[in-house]
Structures are given as structure tokens and as C-alpha cells.
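Everything below concerns the one structure shown next.
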Amino acid sequence: QVQLVESGGDLVQPGGSLRLSCAASALPLLYSGIGWFRQAPGKEREGVSYISKNDGSTYYADSVKGRFTISRDNAKKTVYLQMNSLKPEDTAVYYCATGPLIDRRSWYDSRRYTSWGQGTQVIVSS
């Protein structure tokens with residue numbers, strides 16, 4: 001069974017940086033990649049970034065382009081989300097997720113994902 005465990009969330013000042021980690025175990029053969037989502041209080045879950053399994057292609061929401069970077073370490077079975085120039089509006093619970101039918105046209109659709117981590121809290125505040 002797929003298990004995803006996020007870590008790295010914290011309280012950080014605006015303009016600061018954090019690196020989130022998503023450690024994966026027992027990934028299914030047919031998974032397509034790993035996505036990061038976030039959900040702020042009272043808001044819908046939104047796609048933040050995605051990295052494809054096959055060729056490592058990366059995708060970002062417009063709101064984080066140029067500030068966030070997704071990467072992976074295959075040997076450690078871990079995907080990272082480096083977050084720089086953080087803003088108060090980045091405050092949310094961040095989740096990583098995976099699924100079998102995800103591509104560049106659907107990575108931001110949470111309904112495509114079948115396995116989710118428990119989330120890690122990021123608070124950006126002075």
C-alpha cells in the first residue's frame with residue numbers, strides 16, 4: 001500500500017524559505033508522478049506543483065512560479081518542494097499525493113490522485 005509522509009512545515013516570516021519533503025514507500029508500478037497540493041482554511045485544495053515519474057517534467061501553479069521548485073531524489077524515494085520568497089498567502093496545509101492517471105493537462109486536478117499524505121502545516125507570518 002502506498003504511503004506518503006510529508007515533513008518540513010513550520011512557521012516562517014514573509015520572504016523566508018522552507019523545504020518540504022514527501023517520503024514515499026511502496027509506490028505502485030503505475031503511478032504517474034508526485035504532486036504537491038495545499039489547502040488554506042475555508043478554501044479548496046489547490047495544486048501547487050507536480051513532477052512526472054518518467055521524464056522528471058515539472059509543472060507549477062502560476063501563483064508559485066519562480067518561487068517554488070519541485071525536485072526528487074529517486075534513491076531516497078523522496079520528492080522535495082523548495083519554497084522561497086514565501087508570502088502570507090502561502091499559509092496552508094501542504095499535501096503530497098500520487099495516482100496512476102496524471103499528466104501535464106491534469107496534474108492540478110486533485111480528483112486524479114488516489115493516495116495522499118497526512119499534510120504538513122506551513123504558516124507564513126511576521
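The chains in the C-alpha cells are called A, B, ... from first to last as shown; in each chain the residues are counted from 1, and the ligands are counted from 1 in the order shown.
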Considering only C-alpha atoms, tabulate each residue of range 31-69 of chain A that lies at most 12 Å from range 6-14 of chain A along with its nearest interatomic pair and the corresponding distance in Å to one decimal; arrange the rows by chain and ascending residue number and present them as a Markdown table.
```
| residue | atom | partner | partner_atom | distance |
| --- | --- | --- | --- | --- |
| A:Ile34 | CA | A:Glu6 | CA | 12.0 |
| A:Gly35 | CA | A:Glu6 | CA | 11.8 |
| A:Trp36 | CA | A:Glu6 | CA | 9.9 |
| A:Phe37 | CA | A:Glu6 | CA | 11.4 |
| A:Arg38 | CA | A:Gly9 | CA | 11.7 |
```
Resulting file, chosen residues, C-alpha atoms, as a PDB file, in the first residue's frame:
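Just written: selection_13.pdb:
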```
ATOM      1  CA  ILE A  34       4.037  13.136  -7.351  1.00  0.00           C
ATOM      2  CA  GLY A  35       2.078  16.312  -6.844  1.00  0.00           C
ATOM      3  CA  TRP A  36       2.022  18.908  -4.114  1.00  0.00           C
ATOM      4  CA  PHE A  37      -1.273  20.490  -3.090  1.00  0.00           C
ATOM      5  CA  ARG A  38      -2.203  22.964  -0.413  1.00  0.00           C
TER       6      ARG A  38
END
```
Selection: 8 Å around Pro88 in chain A, only C-alpha atoms, excl. self and same-chain fewer than 6 positions, as a list in words: Pro14, Ile123, Val124 and Ser125 of chain A
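Near Lys43 in chain A, within 12 Å and counting only C-alpha atoms, sit Arg38, Gln39, Glu89, Thr91, Ala92 and Val93 of chain A; same-chain residues fewer than 4 positions away were not included.
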The selected residues should be written to file as a CSV table (one decimal), in the first residue's frame (atoms: all heavy atoms).
```
chain,number,residue,atom,x,y,z
A,38,ARG,N,-2.1,22.2,-1.7
A,38,ARG,CA,-2.2,23.0,-0.4
A,38,ARG,C,-3.7,23.3,-0.2
A,38,ARG,O,-4.4,23.5,-1.2
A,38,ARG,CB,-1.3,24.2,-0.4
A,38,ARG,CG,-1.7,25.3,-1.4
A,38,ARG,CD,-0.7,26.4,-1.4
A,38,ARG,NE,-1.0,27.5,-2.3
A,38,ARG,CZ,-0.2,28.5,-2.5
A,38,ARG,NH1,1.0,28.6,-1.9
A,38,ARG,NH2,-0.5,29.5,-3.3
A,39,GLN,N,-4.0,23.5,1.1
A,39,GLN,CA,-5.4,23.9,1.4
A,39,GLN,C,-5.3,24.8,2.6
A,39,GLN,O,-4.8,24.5,3.7
A,39,GLN,CB,-6.2,22.7,1.8
A,39,GLN,CG,-7.7,23.0,1.9
A,39,GLN,CD,-8.6,21.8,1.9
A,39,GLN,OE1,-8.1,20.6,2.1
A,39,GLN,NE2,-9.8,22.0,1.6
A,89,GLU,N,0.0,34.6,2.0
A,89,GLU,CA,-1.0,33.8,1.2
A,89,GLU,C,-0.5,32.4,0.9
A,89,GLU,O,-1.3,31.6,0.4
A,89,GLU,CB,-1.4,34.5,-0.1
A,89,GLU,CG,-0.3,34.9,-0.9
A,89,GLU,CD,0.1,36.4,-0.7
A,89,GLU,OE1,0.1,36.8,0.5
A,89,GLU,OE2,0.3,37.1,-1.7
A,91,THR,N,0.3,30.4,3.3
A,91,THR,CA,-0.1,29.7,4.5
A,91,THR,C,-1.1,28.7,4.2
A,91,THR,O,-2.2,29.0,3.6
A,91,THR,CB,-0.6,30.7,5.6
A,91,THR,OG1,0.5,31.5,6.0
A,91,THR,CG2,-1.1,29.9,6.8
A,92,ALA,N,-0.9,27.4,4.5
A,92,ALA,CA,-1.8,26.3,4.2
A,92,ALA,C,-1.2,25.0,4.8
A,92,ALA,O,-0.1,25.0,5.2
A,92,ALA,CB,-2.0,26.2,2.7
A,93,VAL,N,-2.1,24.0,4.7
A,93,VAL,CA,-1.6,22.7,5.0
A,93,VAL,C,-1.1,22.1,3.6
A,93,VAL,O,-1.9,22.2,2.6
A,93,VAL,CB,-2.6,21.7,5.6
A,93,VAL,CG1,-2.1,20.3,5.7
A,93,VAL,CG2,-3.0,22.3,6.9
```
What's the separation between CA of Trp116 in chain A and CA of Tyr95 in chain A, in Å to one decimal place? 6.9 Å
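With only C-alpha atoms as the atoms that count, the residue of A:Val48, A:Ala23, A:Ala75, A:Ala40 with the shortest distance to Leu4 in chain A is A:Ala23.
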Quick one: residues within 10 Å of Tyr108 in chain A, only C-alpha atoms counted, chain neighbours fewer than 5 positions away excluded, as a PyMOL selection string? chain A and resi 35-37+45-50+59-61+102-103+113
As a VMD selection string, please: every residue in chain A that DSSP puts in strand (DSSP E or B). chain A and resid 3 to 7 11 to 12 18 to 25 33 to 39 46 to 52 58 to 60 68 to 73 78 to 83 92 to 99 115 to 116 120 to 124
Of the candidates A:Gln3, A:Asn54, A:Thr98, A:Gln82, which shows the shortest atom-to-atom distance to Tyr31 in chain A, using only C-alpha atoms? A:Thr98
Test item: residues at most 9 Å from Ile51 in chain A, only C-alpha atoms, excluding those fewer than 5 positions along its chain, as an MDAnalysis selection string: chainID A and resid 32:36 56:59 70:72 79 107
Those residues with N, CA, C and O atoms, as a PDB file, in the first residue's frame please?
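Just written: selection06.pdb:
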```pdb
ATOM      1  N   SER A  32       2.015   7.837 -11.774  1.00  0.00           N
ATOM      2  CA  SER A  32       2.481   8.730 -12.828  1.00  0.00           C
ATOM      3  C   SER A  32       3.493   9.749 -12.352  1.00  0.00           C
ATOM      4  O   SER A  32       4.329  10.208 -13.127  1.00  0.00           O
ATOM      5  N   GLY A  33       3.396  10.150 -11.112  1.00  0.00           N
ATOM      6  CA  GLY A  33       4.280  11.181 -10.587  1.00  0.00           C
ATOM      7  C   GLY A  33       3.795  11.592  -9.216  1.00  0.00           C
ATOM      8  O   GLY A  33       2.890  10.983  -8.643  1.00  0.00           O
ATOM      9  N   ILE A  34       4.388  12.632  -8.680  1.00  0.00           N
ATOM     10  CA  ILE A  34       4.037  13.136  -7.351  1.00  0.00           C
ATOM     11  C   ILE A  34       3.632  14.601  -7.468  1.00  0.00           C
ATOM     12  O   ILE A  34       4.334  15.390  -8.120  1.00  0.00           O
ATOM     13  N   GLY A  35       2.525  14.926  -6.856  1.00  0.00           N
ATOM     14  CA  GLY A  35       2.078  16.312  -6.844  1.00  0.00           C
ATOM     15  C   GLY A  35       2.049  16.876  -5.438  1.00  0.00           C
ATOM     16  O   GLY A  35       1.912  16.137  -4.466  1.00  0.00           O
ATOM     17  N   TRP A  36       2.206  18.187  -5.373  1.00  0.00           N
ATOM     18  CA  TRP A  36       2.022  18.908  -4.114  1.00  0.00           C
ATOM     19  C   TRP A  36       0.755  19.750  -4.226  1.00  0.00           C
ATOM     20  O   TRP A  36       0.551  20.447  -5.229  1.00  0.00           O
ATOM     21  N   GLY A  56      10.695  13.373 -15.424  1.00  0.00           N
ATOM     22  CA  GLY A  56      11.004  14.428 -14.471  1.00  0.00           C
ATOM     23  C   GLY A  56      10.466  15.789 -14.845  1.00  0.00           C
ATOM     24  O   GLY A  56      10.893  16.792 -14.262  1.00  0.00           O
ATOM     25  N   SER A  57       9.546  15.847 -15.805  1.00  0.00           N
ATOM     26  CA  SER A  57       8.955  17.135 -16.157  1.00  0.00           C
ATOM     27  C   SER A  57       8.283  17.747 -14.929  1.00  0.00           C
ATOM     28  O   SER A  57       7.711  17.041 -14.112  1.00  0.00           O
ATOM     29  N   THR A  58       8.372  19.054 -14.833  1.00  0.00           N
ATOM     30  CA  THR A  58       7.813  19.746 -13.676  1.00  0.00           C
ATOM     31  C   THR A  58       6.786  20.785 -14.097  1.00  0.00           C
ATOM     32  O   THR A  58       6.895  21.376 -15.182  1.00  0.00           O
ATOM     33  N   TYR A  59       5.816  20.998 -13.247  1.00  0.00           N
ATOM     34  CA  TYR A  59       4.731  21.935 -13.515  1.00  0.00           C
ATOM     35  C   TYR A  59       4.422  22.705 -12.239  1.00  0.00           C
ATOM     36  O   TYR A  59       4.565  22.168 -11.136  1.00  0.00           O
ATOM     37  N   ILE A  70      10.180  22.113  -7.416  1.00  0.00           N
ATOM     38  CA  ILE A  70       9.970  20.714  -7.061  1.00  0.00           C
ATOM     39  C   ILE A  70      11.128  19.894  -7.603  1.00  0.00           C
ATOM     40  O   ILE A  70      11.641  20.156  -8.701  1.00  0.00           O
ATOM     41  N   SER A  71      11.553  18.914  -6.825  1.00  0.00           N
ATOM     42  CA  SER A  71      12.653  18.045  -7.252  1.00  0.00           C
ATOM     43  C   SER A  71      12.472  16.680  -6.611  1.00  0.00           C
ATOM     44  O   SER A  71      11.602  16.492  -5.758  1.00  0.00           O
ATOM     45  N   ARG A  72      13.299  15.751  -7.022  1.00  0.00           N
ATOM     46  CA  ARG A  72      13.171  14.406  -6.467  1.00  0.00           C
ATOM     47  C   ARG A  72      14.539  13.772  -6.285  1.00  0.00           C
ATOM     48  O   ARG A  72      15.496  14.095  -6.979  1.00  0.00           O
ATOM     49  N   VAL A  79      10.411  13.314  -2.678  1.00  0.00           N
ATOM     50  CA  VAL A  79      10.179  14.495  -3.515  1.00  0.00           C
ATOM     51  C   VAL A  79      10.203  15.717  -2.610  1.00  0.00           C
ATOM     52  O   VAL A  79       9.649  15.688  -1.504  1.00  0.00           O
ATOM     53  N   TRP A 107      -2.534  17.535 -13.894  1.00  0.00           N
ATOM     54  CA  TRP A 107      -1.782  17.407 -12.649  1.00  0.00           C
ATOM     55  C   TRP A 107      -2.392  18.223 -11.519  1.00  0.00           C
ATOM     56  O   TRP A 107      -2.215  17.889 -10.354  1.00  0.00           O
TER      57      TRP A 107
END
```
If we count only C-alpha atoms and set the cut-off at 12 Å, which residues sit around Val2 in chain A, ignoring sequence neighbours fewer than 4 positions away in its own chain? Please answer as a PyMOL selection string. chain A and resi 23-31+34+77+96-100+113-117
Would you export the selected residues with C-alpha atoms as a compact mmCIF listing (two decimals), in the first residue's frame, please?
```
# COMPACT_ATOMS: atom_id res chain seq x y z
CA ALA A 23 8.83 10.41 1.54
CA ALA A 24 7.17 7.65 -0.46
CA SER A 25 7.10 3.94 0.22
CA ALA A 26 5.64 1.08 -1.79
CA LEU A 27 4.78 3.23 -4.77
CA PRO A 28 2.65 1.32 -7.28
CA LEU A 29 4.19 0.49 -10.65
CA LEU A 30 1.60 2.52 -12.49
CA TYR A 31 1.90 5.76 -10.58
CA ILE A 34 4.04 13.14 -7.35
CA LYS A 77 12.22 7.90 -2.79
CA CYS A 96 1.77 15.37 -1.45
CA ALA A 97 -0.15 12.86 -3.49
CA THR A 98 0.15 10.36 -6.30
CA GLY A 99 -2.03 8.48 -8.76
CA PRO A 100 -1.93 6.39 -11.95
CA TYR A 113 -4.89 11.45 -7.19
CA THR A 114 -5.60 8.26 -5.31
CA SER A 115 -3.09 8.33 -2.45
CA TRP A 116 -2.44 11.26 -0.11
CA GLY A 117 -0.14 12.06 2.75
```
